[in-house]
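Student: So that you have it, the file is data18.csv, and it contains CSV, N, CA and C atoms:
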chain,number,residue,atom,x,y,z
R,594,MET,N,137.0,131.8,123.2
R,594,MET,CA,138.1,131.2,122.4
R,594,MET,C,139.4,131.4,123.1
R,595,THR,N,140.2,130.4,123.3
R,595,THR,CA,141.5,130.6,123.9
R,595,THR,C,142.6,130.5,122.8
R,596,LYS,N,143.7,131.1,123.1
R,596,LYS,CA,144.9,131.0,122.2
R,596,LYS,C,146.0,130.3,123.0
R,597,MET,N,146.9,129.7,122.2
R,597,MET,CA,148.1,129.1,122.8
R,597,MET,C,149.3,129.8,122.3
R,598,THR,N,150.3,129.9,123.1
R,598,THR,CA,151.6,130.5,122.7
R,598,THR,C,152.7,129.6,123.3
R,599,THR,N,153.9,129.9,122.8
R,599,THR,CA,155.0,129.1,123.2
R,599,THR,C,156.1,130.1,123.8
R,600,ILE,N,156.6,129.8,124.9
R,600,ILE,CA,157.7,130.6,125.5
R,600,ILE,C,158.9,129.7,125.7
R,601,ARG,N,160.0,130.1,125.4
R,601,ARG,CA,161.2,129.3,125.6
R,601,ARG,C,162.0,129.8,126.8
R,602,PHE,N,162.4,128.8,127.7
R,602,PHE,CA,163.2,129.2,128.8
R,602,PHE,C,164.5,128.3,128.9
R,603,THR,N,165.5,128.9,129.5
R,603,THR,CA,166.7,128.0,129.7
R,603,THR,C,166.3,127.0,130.8
R,604,ASP,N,167.2,126.0,131.0
R,604,ASP,CA,166.9,125.0,132.0
R,604,ASP,C,166.8,125.7,133.4
R,605,ASP,N,167.8,126.6,133.6
R,605,ASP,CA,167.8,127.3,134.9
R,605,ASP,C,166.5,128.1,135.2
R,606,GLU,N,166.1,128.8,134.1
R,606,GLU,CA,164.9,129.6,134.3
R,606,GLU,C,163.7,128.7,134.5
R,607,TYR,N,163.6,127.6,133.8
R,607,TYR,CA,162.5,126.7,134.0
R,607,TYR,C,162.4,126.1,135.4
R,608,LYS,N,163.6,125.8,135.9
R,608,LYS,CA,163.7,125.2,137.3
R,608,LYS,C,163.2,126.3,138.3
R,609,MET,N,163.6,127.5,138.1
R,609,MET,CA,163.1,128.6,139.0
R,609,MET,C,161.6,128.8,139.0
R,610,ILE,N,161.1,128.7,137.8
R,610,ILE,CA,159.6,128.9,137.6
R,610,ILE,C,158.9,127.7,138.2
R,611,LYS,N,159.4,126.5,138.0
R,611,LYS,CA,158.8,125.3,138.6
R,611,LYS,C,158.8,125.4,140.1
R,612,LYS,N,160.0,125.8,140.6
R,612,LYS,CA,160.1,125.9,142.1
R,612,LYS,C,159.1,126.9,142.6
R,613,ALA,N,159.0,128.0,142.0
R,613,ALA,CA,158.0,129.1,142.4
R,613,ALA,C,156.6,128.6,142.3
R,614,SER,N,156.3,127.9,141.2
R,614,SER,CA,154.9,127.4,141.0
R,614,SER,C,154.5,126.4,142.1
R,615,ASN,N,155.5,125.6,142.5
R,615,ASN,CA,155.3,124.6,143.5
R,615,ASN,C,155.0,125.3,144.9
R,616,MET,N,155.7,126.4,145.1
R,616,MET,CA,155.4,127.1,146.4
R,616,MET,C,154.0,127.6,146.5
R,617,TYR,N,153.3,127.9,145.4
R,617,TYR,CA,152.0,128.3,145.3
R,617,TYR,C,151.0,127.2,145.1
R,618,ASP,N,151.6,126.0,145.0
R,618,ASP,CA,150.8,124.8,144.7
R,618,ASP,C,149.9,125.0,143.4
R,619,GLU,N,150.6,125.5,142.4
R,619,GLU,CA,149.9,125.7,141.1
R,619,GLU,C,150.7,125.0,140.0
R,620,SER,N,150.1,124.8,138.9
R,620,SER,CA,150.8,124.2,137.7
R,620,SER,C,151.7,125.3,137.2
R,621,ILE,N,152.7,124.9,136.5
R,621,ILE,CA,153.6,125.9,135.9
R,621,ILE,C,152.8,126.9,134.9
R,622,THR,N,151.9,126.3,134.2
R,622,THR,CA,151.1,127.1,133.2
R,622,THR,C,150.2,128.1,134.0
R,623,ASP,N,149.5,127.7,135.0
R,623,ASP,CA,148.7,128.6,135.8
R,623,ASP,C,149.6,129.7,136.4
R,624,PHE,N,150.7,129.3,137.0
R,624,PHE,CA,151.6,130.3,137.6
R,624,PHE,C,152.1,131.3,136.6
R,625,MET,N,152.5,130.9,135.4
R,625,MET,CA,153.0,131.8,134.4
R,625,MET,C,151.9,132.7,133.9
R,626,LYS,N,150.7,132.2,133.7
R,626,LYS,CA,149.5,132.9,133.3
R,626,LYS,C,149.2,134.0,134.3
R,627,LYS,N,149.2,133.7,135.5
R,627,LYS,CA,148.9,134.7,136.6
R,627,LYS,C,149.9,135.8,136.6
R,628,ALA,N,151.2,135.4,136.5
R,628,ALA,CA,152.3,136.3,136.6
R,628,ALA,C,152.2,137.3,135.4
R,629,ILE,N,151.9,136.8,134.2
R,629,ILE,CA,151.8,137.7,133.1
R,629,ILE,C,150.6,138.6,133.2
R,630,LEU,N,149.4,138.1,133.6
R,630,LEU,CA,148.2,138.9,133.8
R,630,LEU,C,148.4,139.9,134.9
R,631,ASP,N,149.1,139.6,135.9
R,631,ASP,CA,149.4,140.6,137.0
R,631,ASP,C,150.2,141.7,136.4
R,632,ARG,N,151.2,141.4,135.6
R,632,ARG,CA,152.0,142.5,135.0
R,632,ARG,C,151.2,143.3,134.1
R,633,VAL,N,150.3,142.7,133.3
R,633,VAL,CA,149.4,143.5,132.4
R,633,VAL,C,148.6,144.4,133.2
R,634,GLU,N,148.0,143.9,134.3
R,634,GLU,CA,147.1,144.7,135.2
R,634,GLU,C,147.9,145.9,135.8
R,635,ASP,N,149.1,145.6,136.2
R,635,ASP,CA,150.0,146.7,136.8
R,635,ASP,C,150.2,147.8,135.7
R,636,SER,N,150.4,147.3,134.5
R,636,SER,CA,150.7,148.3,133.4
R,636,SER,C,149.4,149.1,133.2
R,637,ILE,N,148.3,148.5,133.2
R,637,ILE,CA,147.0,149.2,133.0
R,637,ILE,C,146.8,150.2,134.2
R,638,ASP,N,147.0,149.7,135.4
R,638,ASP,CA,146.9,150.6,136.6
R,638,ASP,C,147.8,151.8,136.5
R,639,TYR,N,149.0,151.6,136.0
R,639,TYR,CA,150.0,152.7,135.9
R,639,TYR,C,149.5,153.7,134.9
R,640,LYS,N,149.0,153.3,133.8
R,640,LYS,CA,148.5,154.2,132.7
R,640,LYS,C,147.3,155.0,133.3
R,641,GLU,N,146.4,154.3,134.0
R,641,GLU,CA,145.2,154.9,134.6
R,641,GLU,C,145.6,155.9,135.6
R,642,ALA,N,146.7,155.6,136.4
R,642,ALA,CA,147.2,156.6,137.4
R,642,ALA,C,147.7,157.8,136.8
R,643,ILE,N,148.4,157.7,135.7
R,643,ILE,CA,149.0,158.8,134.9
R,643,ILE,C,147.8,159.7,134.4
R,644,ALA,N,146.8,159.0,133.8
R,644,ALA,CA,145.7,159.8,133.3
R,644,ALA,C,144.9,160.5,134.5
R,645,SER,N,144.8,159.8,135.6
R,645,SER,CA,144.2,160.4,136.8
R,645,SER,C,144.9,161.6,137.3
R,646,LYS,N,146.2,161.5,137.3
R,646,LYS,CA,147.1,162.6,137.7
R,646,LYS,C,146.8,163.8,136.8
R,647,GLU,N,146.8,163.6,135.5
R,647,GLU,CA,146.6,164.7,134.6
R,647,GLU,C,145.2,165.3,134.7
R,648,GLU,N,144.2,164.5,134.9
R,648,GLU,CA,142.8,164.9,135.1
R,648,GLU,C,142.6,165.7,136.4
R,649,SER,N,143.4,165.4,137.4
R,649,SER,CA,143.2,166.1,138.7
R,649,SER,C,144.1,167.3,138.9
R,650,ASN,N,144.8,167.7,137.8
R,650,ASN,CA,145.8,168.8,137.9
R,650,ASN,C,146.8,168.5,139.0
R,651,GLU,N,147.2,167.2,139.2
R,651,GLU,CA,148.2,166.8,140.1
R,651,GLU,C,147.8,167.0,141.6
R,652,GLU,N,146.5,167.2,141.8
R,652,GLU,CA,146.1,167.3,143.2
R,652,GLU,C,146.1,165.9,143.9
R,653,THR,N,146.6,165.8,145.1
R,653,THR,CA,146.6,164.6,145.8
R,653,THR,C,145.8,164.6,147.1
R,654,VAL,N,145.5,163.4,147.6
R,654,VAL,CA,144.7,163.3,148.8
R,654,VAL,C,145.5,162.5,149.9
R,655,SER,N,145.5,163.0,151.1
R,655,SER,CA,146.2,162.4,152.2
R,655,SER,C,145.5,161.1,152.6
R,656,ARG,N,146.3,160.2,153.2
R,656,ARG,CA,145.7,159.0,153.7
R,656,ARG,C,144.6,159.3,154.7
R,657,GLU,N,144.8,160.2,155.6
R,657,GLU,CA,143.8,160.6,156.6
R,657,GLU,C,142.5,161.0,156.0
R,658,GLU,N,142.6,161.8,154.9
R,658,GLU,CA,141.4,162.3,154.2
R,658,GLU,C,140.7,161.1,153.6
R,659,ILE,N,141.4,160.2,153.0
R,659,ILE,CA,140.8,159.0,152.3
R,659,ILE,C,140.1,158.2,153.4
R,660,VAL,N,140.8,157.9,154.5
R,660,VAL,CA,140.1,157.1,155.6
R,660,VAL,C,138.9,157.8,156.1
R,661,SER,N,138.9,159.1,156.2
R,661,SER,CA,137.8,159.9,156.6
R,661,SER,C,136.6,159.8,155.6
R,662,ARG,N,136.9,160.0,154.4
R,662,ARG,CA,135.9,160.0,153.3
R,662,ARG,C,135.2,158.7,153.2
R,663,LEU,N,136.0,157.6,153.3
R,663,LEU,CA,135.4,156.3,153.1
R,663,LEU,C,134.9,155.6,154.3
R,664,GLY,N,135.1,156.2,155.5
R,664,GLY,CA,134.7,155.6,156.7
R,664,GLY,C,135.4,154.3,157.0
R,665,PHE,N,136.6,154.1,156.5
R,665,PHE,CA,137.4,152.9,156.7
R,665,PHE,C,137.8,152.8,158.1
R,666,LYS,N,137.6,151.5,158.6
R,666,LYS,CA,137.9,151.3,160.0
R,666,LYS,C,138.9,150.2,160.1
R,667,PHE,N,140.1,150.5,160.6
R,667,PHE,CA,141.2,149.5,160.7
R,667,PHE,C,140.7,148.4,161.7
R,668,SER,N,139.9,148.7,162.6
R,668,SER,CA,139.4,147.7,163.6
R,668,SER,C,138.7,146.5,162.9
R,669,ASP,N,138.2,146.8,161.7
R,669,ASP,CA,137.5,145.7,160.9
R,669,ASP,C,138.5,144.7,160.4
R,670,HIS,N,139.8,145.0,160.4
R,670,HIS,CA,140.8,144.2,159.8
R,670,HIS,C,141.9,143.6,160.8
R,671,TYR,N,141.6,143.8,162.0
R,671,TYR,CA,142.6,143.1,163.0
R,671,TYR,C,141.8,142.7,164.2
R,672,ASN,N,142.4,141.9,165.0
R,672,ASN,CA,141.7,141.3,166.2
R,672,ASN,C,142.6,141.6,167.4
R,673,LYS,N,142.2,141.1,168.6
R,673,LYS,CA,143.0,141.3,169.8
R,673,LYS,C,144.4,140.7,169.7
R,674,LYS,N,144.6,139.7,168.9
R,674,LYS,CA,145.9,139.1,168.8
R,674,LYS,C,146.9,140.0,168.1
R,675,ASN,N,146.5,140.8,167.2
R,675,ASN,CA,147.4,141.7,166.4
R,675,ASN,C,146.9,143.1,166.4
R,676,ILE,N,146.7,143.6,167.6
R,676,ILE,CA,146.1,145.0,167.7
R,676,ILE,C,147.1,146.0,167.1
R,677,GLU,N,148.3,145.9,167.3
R,677,GLU,CA,149.3,146.8,166.7
R,677,GLU,C,149.6,146.5,165.3
R,678,LEU,N,149.2,147.3,164.4
R,678,LEU,CA,149.5,147.1,163.0
R,678,LEU,C,150.7,147.9,162.6
R,679,SER,N,151.6,147.3,161.8
R,679,SER,CA,152.8,148.0,161.3
R,679,SER,C,152.3,149.0,160.3
R,680,GLU,N,153.2,149.9,160.0
R,680,GLU,CA,152.9,151.0,159.0
R,680,GLU,C,152.7,150.3,157.6
R,681,ASP,N,153.5,149.3,157.3
R,681,ASP,CA,153.3,148.6,156.1
R,681,ASP,C,152.0,147.9,156.0
R,682,ARG,N,151.6,147.3,157.1
R,682,ARG,CA,150.3,146.5,157.1
R,682,ARG,C,149.1,147.5,157.0
R,683,VAL,N,149.2,148.7,157.6
R,683,VAL,CA,148.2,149.7,157.5
R,683,VAL,C,148.1,150.1,156.0
R,684,GLU,N,149.2,150.4,155.4
R,684,GLU,CA,149.2,150.8,154.0
R,684,GLU,C,148.6,149.7,153.1
R,685,SER,N,149.0,148.5,153.4
R,685,SER,CA,148.5,147.3,152.6
R,685,SER,C,147.0,147.2,152.7
R,686,LEU,N,146.5,147.3,154.0
R,686,LEU,CA,145.0,147.2,154.2
R,686,LEU,C,144.3,148.3,153.5
R,687,LEU,N,144.8,149.5,153.6
R,687,LEU,CA,144.1,150.6,152.9
R,687,LEU,C,144.1,150.5,151.4
R,688,MET,N,145.3,150.1,150.9
R,688,MET,CA,145.3,150.0,149.4
R,688,MET,C,144.4,148.9,148.9
R,689,ASP,N,144.4,147.7,149.6
R,689,ASP,CA,143.5,146.7,149.3
R,689,ASP,C,142.0,147.1,149.3
R,690,TYR,N,141.7,147.8,150.3
R,690,TYR,CA,140.3,148.4,150.5
R,690,TYR,C,140.0,149.3,149.3
R,691,LEU,N,140.9,150.2,149.0
R,691,LEU,CA,140.6,151.1,147.9
R,691,LEU,C,140.6,150.5,146.6
R,692,LYS,N,141.5,149.5,146.4
R,692,LYS,CA,141.5,148.8,145.1
R,692,LYS,C,140.1,148.2,144.8
R,693,GLU,N,139.5,147.7,145.9
R,693,GLU,CA,138.2,147.0,145.7
R,693,GLU,C,137.0,147.9,145.7
R,694,TYR,N,137.1,149.0,146.4
R,694,TYR,CA,135.9,149.9,146.6
R,694,TYR,C,136.0,151.3,145.9
R,695,ASP,N,137.2,151.8,145.7
R,695,ASP,CA,137.3,153.1,145.2
R,695,ASP,C,138.5,153.3,144.3
R,696,ARG,N,138.4,152.7,143.1
R,696,ARG,CA,139.5,152.7,142.2
R,696,ARG,C,140.1,154.0,141.9
R,697,GLN,N,139.3,155.1,141.7
R,697,GLN,CA,139.8,156.4,141.4
R,697,GLN,C,140.7,156.9,142.5
R,698,THR,N,140.3,156.8,143.7
R,698,THR,CA,141.1,157.3,144.9
R,698,THR,C,142.4,156.5,145.0
R,699,TYR,N,142.3,155.2,144.7
R,699,TYR,CA,143.4,154.3,144.7
R,699,TYR,C,144.4,154.8,143.7
R,700,LEU,N,144.0,155.1,142.5
R,700,LEU,CA,144.9,155.6,141.5
R,700,LEU,C,145.5,156.9,141.9
R,701,GLN,N,144.8,157.8,142.6
R,701,GLN,CA,145.4,159.0,143.0
R,701,GLN,C,146.5,158.8,144.0
R,702,ILE,N,146.3,157.8,144.9
R,702,ILE,CA,147.3,157.5,145.9
R,702,ILE,C,148.6,156.9,145.3
R,703,ILE,N,148.4,156.0,144.3
R,703,ILE,CA,149.5,155.4,143.6
R,703,ILE,C,150.3,156.5,143.0
R,704,ASN,N,149.6,157.4,142.4
R,704,ASN,CA,150.2,158.5,141.7
R,704,ASN,C,151.0,159.4,142.7
R,705,LYS,N,150.4,159.7,143.8
R,705,LYS,CA,151.0,160.6,144.9
R,705,LYS,C,152.2,159.9,145.4
R,706,ASP,N,152.1,158.7,145.8
R,706,ASP,CA,153.2,158.0,146.4
R,706,ASP,C,154.3,157.4,145.5
R,707,GLY,N,154.0,157.6,144.2
R,707,GLY,CA,155.0,157.1,143.2
R,707,GLY,C,155.1,155.6,143.2
R,708,LEU,N,154.1,154.9,143.5
R,708,LEU,CA,154.1,153.4,143.5
R,708,LEU,C,154.0,152.9,142.1
Is it possible to give me this structure as structure tokens?
Tutor:
Amino acid sequence: MTKMTTIRFTDDEYKMIKKASNMYDESITDFMKKAILDRVEDSIDYKEAIASKEESNEETVSREEIVSRLGFKFSDHYNKKNIELSEDRVESLLMDYLKEYDRQTYLQIINKDGL
């Protein structure tokens, strides 16, 4: 069962939302729904990270240790055209991998790095 809600925006706010939704080639409704659900997920992730921190007695794990434990290979994520990965891209790849495959470790990293 679905629920419907109403949100009121000023003309300027609506124009900004419409412009942003067009950039993603999405309807305004889909764009807003995804934005809201992303924020809800971030909130849940944050609460889980806090709980993880408390459960682990604030012990953290280095990036190198995580890569070692998981057998993560950066070479699986780049090709000869972009062999040199920026620090931000390395971080992004690792976090995406952990989000998908090892949520508990991901939450520990978020906690450690204050993300």
Student: Hey, can you check how far atom N of Ala628 in chain R sits from atom N of Thr603 in chain R?
Tutor: 17.2 Å
Student: Using only C-alpha atoms, which of the listed residues (R:Ala642, R:Ile629, R:Ile621, R:Leu663) sits closest to Glu606 in chain R?
Tutor: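 Closest candidate: R:Ile621.
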Student: Please return, as a PyMOL selection string, all residues of range 634-668 of chain R that DSSP assigns to helix (DSSP H, G or I) on the basis of the backbone.
Tutor: chain R and resi 634-648+656-663+667-668
